[in-house]
>>> print(open('coords16.tsv').read())   # TSV, C-alpha atoms
chain	number	residue	atom	x	y	z
A	1	MET	CA	0.00	0.00	0.00
A	2	LYS	CA	1.49	3.31	-1.08
A	3	LEU	CA	0.96	6.21	1.21
A	4	LYS	CA	1.80	9.91	1.07
A	5	ARG	CA	2.65	11.17	4.56
A	6	GLN	CA	2.29	14.94	4.64
A	7	LEU	CA	-0.50	15.32	2.13
A	8	LEU	CA	-3.64	13.22	2.48
A	9	LEU	CA	-3.39	9.60	1.46
A	10	VAL	CA	-4.88	9.72	-2.02
A	11	LEU	CA	-5.98	6.80	-4.17
A	12	THR	CA	-5.14	6.67	-7.86
A	13	ILE	CA	-7.25	4.65	-10.23
A	14	SER	CA	-4.21	2.78	-11.51
A	15	THR	CA	-3.56	1.25	-8.10
A	16	VAL	CA	-7.12	0.24	-7.23
A	17	LEU	CA	-7.02	-3.21	-8.83
A	18	GLY	CA	-3.87	-4.16	-6.95
A	19	ALA	CA	-5.49	-3.17	-3.66
A	20	CYS	CA	-8.20	-5.81	-3.92
A	21	ALA	CA	-5.84	-8.66	-3.13
A	22	GLN	CA	-4.77	-6.98	0.13
A	23	ASP	CA	-8.32	-5.92	1.06
A	24	GLN	CA	-7.14	-2.42	1.89
A	25	PRO	CA	-6.71	0.78	-0.14
A	26	SER	CA	-3.63	1.66	-2.15
A	27	PHE	CA	-2.55	5.28	-2.16
A	28	ASP	CA	-0.73	7.56	-4.50
A	29	VAL	CA	2.76	8.62	-3.44
A	30	LYS	CA	5.35	11.17	-4.47
A	31	LYS	CA	9.06	10.39	-4.43
A	32	TYR	CA	10.66	11.87	-1.33
A	33	THR	CA	13.89	11.28	0.52
A	34	GLN	CA	13.60	9.37	3.81
A	35	THR	CA	15.86	9.90	6.82
A	36	GLU	CA	16.31	6.60	8.65
A	37	GLU	CA	17.19	7.95	12.09
A	38	LYS	CA	14.05	10.06	12.34
A	39	LYS	CA	11.07	8.55	14.12
A	40	ASP	CA	7.33	8.67	13.70
A	41	PHE	CA	4.40	7.50	15.83
A	42	LEU	CA	2.58	4.29	14.95
A	43	VAL	CA	-0.64	3.92	16.93
A	44	THR	CA	-2.16	0.47	17.49
A	45	ILE	CA	-5.86	0.40	18.38
A	46	HIS	CA	-6.70	-2.96	19.94
A	47	THR	CA	-10.38	-3.87	19.68
A	48	SER	CA	-12.62	-6.82	20.46
A	49	LEU	CA	-12.71	-7.58	16.72
A	50	GLY	CA	-9.05	-7.10	15.83
A	51	ASP	CA	-6.35	-4.45	15.65
A	52	MET	CA	-5.93	-1.33	13.58
A	53	LYS	CA	-2.74	0.65	13.07
A	54	ALA	CA	-2.66	4.35	12.24
A	55	VAL	CA	-0.18	7.15	11.67
A	56	LEU	CA	-0.75	10.69	12.96
A	57	TYR	CA	-0.38	13.90	10.99
A	58	ASP	CA	2.28	16.48	11.77
A	59	GLU	CA	-0.06	19.05	10.20
A	60	THR	CA	-2.38	18.76	13.22
A	61	PRO	CA	0.08	19.03	16.14
A	62	LEU	CA	-2.47	20.00	18.82
A	63	HIS	CA	-4.61	16.94	18.11
A	64	ARG	CA	-1.61	14.66	17.66
A	65	ASP	CA	0.02	15.65	20.94
A	66	ASN	CA	-3.24	15.48	22.91
A	67	PHE	CA	-3.99	12.02	21.49
A	68	LEU	CA	-0.51	10.78	22.35
A	69	LYS	CA	-0.76	12.16	25.88
A	70	LEU	CA	-4.04	10.36	26.55
A	71	ILE	CA	-2.68	7.12	25.09
A	72	LYS	CA	0.45	7.23	27.24
A	73	GLU	CA	-1.66	7.88	30.34
A	74	GLY	CA	-3.74	4.78	29.57
A	75	ALA	CA	-6.86	6.94	29.53
A	76	TYR	CA	-8.43	5.04	26.63
A	77	ASP	CA	-8.06	1.64	28.27
A	78	SER	CA	-11.39	-0.22	28.52
A	79	THR	CA	-13.39	2.47	26.76
A	80	THR	CA	-15.80	1.30	24.06
A	81	TRP	CA	-16.98	2.04	20.56
A	82	HIS	CA	-20.10	3.76	21.80
A	83	ARG	CA	-21.52	5.03	18.49
A	84	VAL	CA	-21.53	3.00	15.28
A	85	ILE	CA	-23.20	3.86	11.99
A	86	LYS	CA	-22.67	1.52	9.05
A	87	GLU	CA	-21.29	3.17	5.89
A	88	PHE	CA	-20.45	6.25	7.96
A	89	MET	CA	-18.12	5.92	10.95
A	90	ILE	CA	-17.25	4.22	14.25
A	91	GLN	CA	-16.84	6.50	17.28
A	92	GLY	CA	-14.96	5.82	20.50
A	93	GLY	CA	-12.69	7.36	23.08
A	94	GLY	CA	-15.45	8.30	25.51
A	95	ILE	CA	-13.18	8.96	28.46
A	96	ASP	CA	-15.53	11.82	29.35
A	97	MET	CA	-18.39	9.30	29.62
A	98	LYS	CA	-16.83	7.47	32.54
A	99	PRO	CA	-18.46	8.33	35.91
A	100	SER	CA	-15.01	8.74	37.44
A	101	THR	CA	-13.87	11.35	34.92
A	102	PRO	CA	-14.01	14.96	36.19
A	103	LYS	CA	-16.13	17.18	33.97
A	104	ARG	CA	-14.01	19.16	31.52
A	105	THR	CA	-15.11	21.98	29.27
A	106	ASP	CA	-11.84	22.49	27.40
A	107	ARG	CA	-11.69	21.85	23.67
A	108	ILE	CA	-8.96	21.54	21.08
A	109	PRO	CA	-8.97	24.32	18.47
A	110	ALA	CA	-9.84	23.10	14.99
A	111	GLU	CA	-6.86	22.31	12.75
A	112	PHE	CA	-8.29	22.14	9.24
A	113	ASP	CA	-6.07	21.36	6.28
A	114	ALA	CA	-7.52	21.06	2.77
A	115	ARG	CA	-5.15	18.16	2.08
A	116	LEU	CA	-6.60	16.09	4.95
A	117	PHE	CA	-10.09	14.77	4.33
A	118	HIS	CA	-12.49	12.00	5.29
A	119	VAL	CA	-11.39	9.10	3.11
A	120	LYS	CA	-11.98	5.60	4.52
A	121	GLY	CA	-9.74	5.03	7.54
A	122	ALA	CA	-9.44	8.73	8.38
A	123	LEU	CA	-8.92	9.27	12.13
A	124	ALA	CA	-10.73	12.42	13.22
A	125	ALA	CA	-11.91	14.27	16.32
A	126	ALA	CA	-15.54	14.31	17.41
A	127	ARG	CA	-17.06	17.62	18.49
A	128	GLN	CA	-20.22	19.35	19.58
A	129	GLY	CA	-22.50	20.90	16.97
A	130	ASP	CA	-22.15	24.35	15.44
A	131	ARG	CA	-24.92	25.89	17.52
A	132	VAL	CA	-22.92	25.58	20.74
A	133	ASN	CA	-19.55	25.30	19.05
A	134	PRO	CA	-19.36	27.68	16.08
A	135	GLU	CA	-15.55	27.51	16.08
A	136	LYS	CA	-15.80	23.76	15.35
A	137	ALA	CA	-13.38	23.00	18.18
A	138	SER	CA	-12.77	19.32	18.92
A	139	SER	CA	-13.56	17.11	21.89
A	140	TRP	CA	-10.55	16.66	24.16
A	141	CYS	CA	-10.89	12.86	23.99
A	142	GLN	CA	-13.52	11.43	21.63
A	143	PHE	CA	-12.56	10.41	18.11
A	144	TYR	CA	-13.97	8.49	15.18
A	145	ILE	CA	-12.70	6.44	12.26
A	146	VAL	CA	-14.39	6.74	8.88
A	147	GLN	CA	-15.86	3.78	7.06
A	148	GLY	CA	-18.07	5.69	4.65
A	149	LYS	CA	-19.04	4.50	1.19
A	150	LYS	CA	-18.11	5.11	-2.43
A	151	TRP	CA	-19.62	8.11	-4.19
A	152	THR	CA	-20.20	9.10	-7.80
A	153	LYS	CA	-18.53	12.14	-9.32
A	154	ASP	CA	-21.91	13.87	-9.66
A	155	GLU	CA	-22.69	13.32	-5.98
A	156	LEU	CA	-19.39	14.99	-5.10
A	157	THR	CA	-19.42	17.91	-7.53
A	158	LEU	CA	-23.07	18.99	-7.59
A	159	ASP	CA	-24.22	21.54	-5.02
A	160	GLN	CA	-27.35	19.95	-3.57
A	161	GLN	CA	-28.89	23.20	-2.32
A	162	LYS	CA	-28.45	24.95	-5.67
A	163	LEU	CA	-29.67	21.84	-7.46
A	164	ASN	CA	-32.83	21.63	-5.36
A	165	ALA	CA	-33.53	25.35	-5.78
A	166	GLY	CA	-32.99	25.02	-9.53
A	167	ILE	CA	-35.27	22.04	-9.96
A	168	GLY	CA	-37.96	23.89	-7.98
A	169	LYS	CA	-37.86	26.80	-10.42
A	170	LEU	CA	-37.75	24.46	-13.40
A	171	LEU	CA	-40.88	22.61	-12.30
A	172	GLN	CA	-42.87	25.85	-12.23
A	173	ASN	CA	-42.79	25.75	-16.02
A	174	ASP	CA	-45.62	23.59	-17.43
A	175	LYS	CA	-43.41	22.25	-20.20
A	176	HIS	CA	-41.74	20.14	-17.49
A	177	LEU	CA	-45.07	18.69	-16.32
A	178	ALA	CA	-43.95	15.11	-17.04
A	179	LEU	CA	-40.85	15.59	-14.88
A	180	ARG	CA	-42.96	17.09	-12.10
A	181	GLU	CA	-45.35	14.14	-12.14
A	182	GLU	CA	-42.49	11.64	-12.16
A	183	LEU	CA	-40.95	13.23	-9.07
A	184	ILE	CA	-44.31	13.34	-7.29
A	185	ALA	CA	-44.83	9.63	-8.01
A	186	MET	CA	-41.36	8.84	-6.65
A	187	GLN	CA	-42.09	10.86	-3.54
A	188	GLU	CA	-45.31	8.96	-2.96
A	189	ARG	CA	-43.36	5.69	-3.25
A	190	ARG	CA	-40.76	7.16	-0.88
A	191	ASP	CA	-38.11	6.49	-3.51
A	192	PHE	CA	-35.89	9.31	-2.30
A	193	ASP	CA	-32.72	7.80	-3.74
A	194	GLY	CA	-34.37	7.66	-7.15
A	195	MET	CA	-35.50	11.27	-6.77
A	196	ASN	CA	-31.97	12.41	-6.00
A	197	LYS	CA	-30.55	10.58	-9.01
A	198	LEU	CA	-33.22	12.00	-11.30
A	199	VAL	CA	-32.65	15.55	-10.06
A	200	MET	CA	-28.87	15.18	-10.48
A	201	SER	CA	-29.39	13.97	-14.04
A	202	LYS	CA	-31.10	17.31	-14.79
A	203	ALA	CA	-28.13	19.45	-13.72
A	204	SER	CA	-27.20	20.50	-17.27
A	205	LEU	CA	-30.84	21.28	-18.07
A	206	ILE	CA	-31.13	23.48	-14.98
A	207	GLU	CA	-27.93	25.33	-15.89
A	208	SER	CA	-28.92	25.91	-19.52
A	209	GLU	CA	-32.51	27.00	-18.85
A	210	LEU	CA	-31.91	29.10	-15.74
A	211	GLY	CA	-28.43	30.39	-16.57
A	212	ILE	CA	-27.01	29.34	-13.20
A	213	SER	CA	-24.26	26.99	-12.10
A	214	VAL	CA	-25.05	24.12	-9.75
A	215	ARG	CA	-21.48	22.85	-9.61
A	216	LYS	CA	-19.00	23.11	-6.78
A	217	ASP	CA	-15.23	22.99	-6.91
A	218	VAL	CA	-13.82	19.70	-5.64
A	219	SER	CA	-10.16	18.75	-6.02
A	220	GLN	CA	-9.30	15.85	-8.29
A	221	GLU	CA	-7.59	14.02	-5.43
A	222	ARG	CA	-10.80	14.08	-3.40
A	223	ILE	CA	-12.83	12.89	-6.38
A	224	ASP	CA	-10.37	10.04	-6.98
A	225	ALA	CA	-10.38	9.03	-3.32
A	226	TYR	CA	-14.11	9.15	-2.72
A	227	THR	CA	-15.08	7.39	-5.97
A	228	THR	CA	-12.61	4.53	-5.41
A	229	ILE	CA	-11.82	4.09	-1.71
A	230	GLY	CA	-14.90	5.85	-0.37
A	231	GLY	CA	-15.39	7.92	2.74
A	232	ALA	CA	-17.62	10.63	4.22
A	233	PRO	CA	-17.14	13.82	2.15
A	234	HIS	CA	-19.91	15.77	3.91
A	235	LEU	CA	-17.65	15.93	7.01
A	236	ASP	CA	-14.81	17.64	5.15
A	237	ASP	CA	-13.66	20.98	6.56
A	238	GLU	CA	-16.12	20.55	9.43
A	239	TYR	CA	-14.20	18.11	11.66
A	240	THR	CA	-10.44	17.87	12.18
A	241	VAL	CA	-8.76	14.86	10.57
A	242	PHE	CA	-5.54	14.12	12.46
A	243	GLY	CA	-4.49	10.64	11.35
A	244	GLN	CA	-5.02	7.73	8.97
A	245	VAL	CA	-5.43	4.00	9.42
A	246	VAL	CA	-2.78	2.10	7.45
A	247	GLU	CA	-3.62	-1.45	8.57
A	248	GLY	CA	-6.82	-3.16	9.71
A	249	PHE	CA	-9.41	-1.80	7.29
A	250	ASP	CA	-11.32	-5.05	7.70
A	251	VAL	CA	-11.65	-4.29	11.43
A	252	ILE	CA	-13.38	-1.00	10.59
A	253	ASP	CA	-15.88	-2.96	8.51
A	254	LYS	CA	-16.43	-5.56	11.25
A	255	ILE	CA	-17.15	-2.93	13.89
A	256	ALA	CA	-19.38	-0.95	11.50
A	257	ALA	CA	-21.40	-4.11	10.79
A	258	THR	CA	-22.12	-4.86	14.46
A	259	LYS	CA	-25.75	-4.78	15.61
A	260	THR	CA	-26.83	-1.58	17.33
A	261	ILE	CA	-29.76	0.02	19.09
A	262	ARG	CA	-29.99	3.76	18.43
A	263	GLU	CA	-26.41	3.72	17.12
A	264	LYS	CA	-25.01	2.03	20.27
A	265	PRO	CA	-23.62	-1.52	19.85
A	266	ILE	CA	-25.73	-4.13	21.63
A	267	GLU	CA	-22.58	-5.77	22.95
A	268	ASN	CA	-19.75	-3.68	24.36
A	269	LEU	CA	-16.82	-3.46	21.95
A	270	TYR	CA	-13.83	-2.49	24.05
A	271	LEU	CA	-10.66	-0.81	22.91
A	272	THR	CA	-7.23	0.05	24.20
A	273	ILE	CA	-4.56	2.04	22.40
A	274	GLU	CA	-0.78	1.76	22.35
A	275	VAL	CA	1.82	3.86	20.59
A	276	GLU	CA	5.37	3.20	19.53
A	277	GLU	CA	8.02	5.27	17.84
A	278	VAL	CA	9.12	3.64	14.60
A	279	SER	CA	11.79	4.76	12.17
A	280	LYS	CA	10.42	6.54	9.16
A	281	LYS	CA	12.41	4.24	6.90
A	282	LYS	CA	10.69	1.18	8.40
A	283	LEU	CA	7.23	2.73	8.05
A	284	SER	CA	8.04	3.68	4.47
A	285	LYS	CA	9.06	0.11	3.66
A	286	GLN	CA	6.15	-1.54	5.47
A	287	TYR	CA	3.28	0.77	4.48
A	288	GLY	CA	4.64	2.75	1.54
A	289	ILE	CA	4.67	5.97	3.58
A	290	SER	CA	6.92	8.66	2.17
A	291	TYR	CA	8.22	11.77	3.91
A	292	PRO	CA	9.24	15.10	2.39
A	293	GLU	CA	12.71	16.10	3.32
A	294	LYS	CA	12.61	19.12	5.63
>>> encode(input="coords16.tsv", output="structure tokens")
Amino acid sequence: MKLKRQLLLVLTISTVLGACAQDQPSFDVKKYTQTEEKKDFLVTIHTSLGDMKAVLYDETPLHRDNFLKLIKEGAYDSTTWHRVIKEFMIQGGGIDMKPSTPKRTDRIPAEFDARLFHVKGALAAARQGDRVNPEKASSWCQFYIVQGKKWTKDELTLDQQKLNAGIGKLLQNDKHLALREELIAMQERRDFDGMNKLVMSKASLIESELGISVRKDVSQERIDAYTTIGGAPHLDDEYTVFGQVVEGFDVIDKIAATKTIREKPIENLYLTIEVEEVSKKKLSKQYGISYPEK
């Protein structure tokens, strides 16, 4: 698996087929010079269903250092995956949910980086909603790992709000009566997925008739990643991504598939986390991680 360390791990279409045999994503990589004596952190997340390994980003030092501190204190020991949503994410690290934990109100300032986004395996910080947390600051302990799903290019590059507003204006014209009736029939059948696909297919018609654009600018690396590996693009630039799983993608899937009641697993899925310092050369050889020379 090839991995680019400082920029986000990005999948290229040419490497997708080779990834299938390993059952984990392959990532694009640029040629950089490694320095053997330098170290990096390799985090191992032990779970009831197997282990995952992840690297942490230097681009998010506040989150990285806080995560490492909690790991070294053993604070995550015997916590659980307390929120699980299939094809979305698995959330854990609820140290603040333990009765013995003193109440804390501190948060970690957001550390957004356009190169770090919510591809499958992204390690990111949970947070409270915008209403009480407009700065999008992160929880001091809770985190999640993305499972997500694969998306089409249209789903990624069409602005849903503009698209919905455009289709509403379009349907006011009686020459689109057939389209209006088709959408109403779909709504009555509760075929909302079909409605979305039909509306997206009318993007060019909306633009030509109304003279507006319903597109949004999405980088090619995000399009490549989300259409091949998958992930949760609607979380981008809203929650801080501070690491990436490099081993144990099947464990993400196993946890995401567990039975839940109101998003909480029926059976407790415990986790503990360890960290070790590993030479960058070893990580590069084992996981294809490359490092830009400083």
>>> residues_around(input="coords16.tsv", residues="Ser213 (chain A)", least_positions_apart="5", cutoff="12 Å", atoms="all atoms listed in the file", output="list in words")
Thr157, Leu158, Asp159, Gln160, Gln161, Lys162, Leu163, Ala165, Gly166, Ala203, Ser204, Leu205, Ile206, Glu207 and Ser208 of chain A
>>> closest_residue(input="coords16.tsv", among="A:Ile85, A:Arg115, A:Lys72, A:Leu123", to="Phe242 (chain A)", atoms="all atoms listed in the file")
A:Leu123
>>> residues_around(input="coords16.tsv", residues="Asp40 (chain A)", least_positions_apart="4", cutoff="10 Å", atoms="only C-alpha atoms", output="mmCIF file with C-alpha atoms, keeping the file's coordinate frame")
data_model
loop_
_atom_site.group_PDB
_atom_site.id
_atom_site.type_symbol
_atom_site.label_atom_id
_atom_site.label_comp_id
_atom_site.auth_asym_id
_atom_site.auth_seq_id
_atom_site.Cartn_x
_atom_site.Cartn_y
_atom_site.Cartn_z
ATOM 1 C CA VAL A 55 -0.180 7.150 11.670
ATOM 2 C CA LEU A 56 -0.750 10.690 12.960
ATOM 3 C CA TYR A 57 -0.380 13.900 10.990
ATOM 4 C CA ASP A 58 2.280 16.480 11.770
ATOM 5 C CA GLU A 276 5.370 3.200 19.530
ATOM 6 C CA GLU A 277 8.020 5.270 17.840
ATOM 7 C CA VAL A 278 9.120 3.640 14.600
ATOM 8 C CA SER A 279 11.790 4.760 12.170
ATOM 9 C CA LYS A 280 10.420 6.540 9.160
ATOM 10 C CA LYS A 281 12.410 4.240 6.900
ATOM 11 C CA LYS A 282 10.690 1.180 8.400
ATOM 12 C CA LEU A 283 7.230 2.730 8.050
#
>>> closest_residue(input="coords16.tsv", among="A:Val199, A:Ile261, A:Leu235, A:Ile273", to="Met89 (chain A)", atoms="all atoms listed in the file")
A:Leu235
>>> closest_residue(input="coords16.tsv", among="A:Lys39, A:Lys150, A:Lys53, A:Arg107", to="Pro233 (chain A)", atoms="all atoms listed in the file")
A:Lys150
>>> residues_around(input="coords16.tsv", residues="Thr101 (chain A)", least_positions_apart="5", cutoff="12 Å", atoms="only C-alpha atoms", output="list in words")
Ala75, Tyr76, Gly94, Ile95, Asp96 and Cys141 of chain A
>>> atom_distance(input="coords16.tsv", atom1="CA of Leu179 (chain A)", atom2="CA of Ser201 (chain A)")
11.6 Å
>>> atom_distance(input="coords16.tsv", atom1="CA of Leu170 (chain A)", atom2="CA of Leu183 (chain A)")
12.5 Å
>>> atom_distance(input="coords16.tsv", atom1="CA of Gly148 (chain A)", atom2="CA of Gln286 (chain A)")
25.3 Å
>>> residues_around(input="coords16.tsv", residues="Ala122 (chain A)", least_positions_apart="4", cutoff="6 Å", atoms="all atoms listed in the file", output="PyMOL selection string")
chain A and resi 118+145-146+244
>>> write_last_selection(input="coords16.tsv", atoms="C-alpha atoms", output="tab-separated table (two decimals), keeping the file's coordinate frame")
chain	number	residue	atom	x	y	z
A	118	HIS	CA	-12.49	12.00	5.29
A	145	ILE	CA	-12.70	6.44	12.26
A	146	VAL	CA	-14.39	6.74	8.88
A	244	GLN	CA	-5.02	7.73	8.97
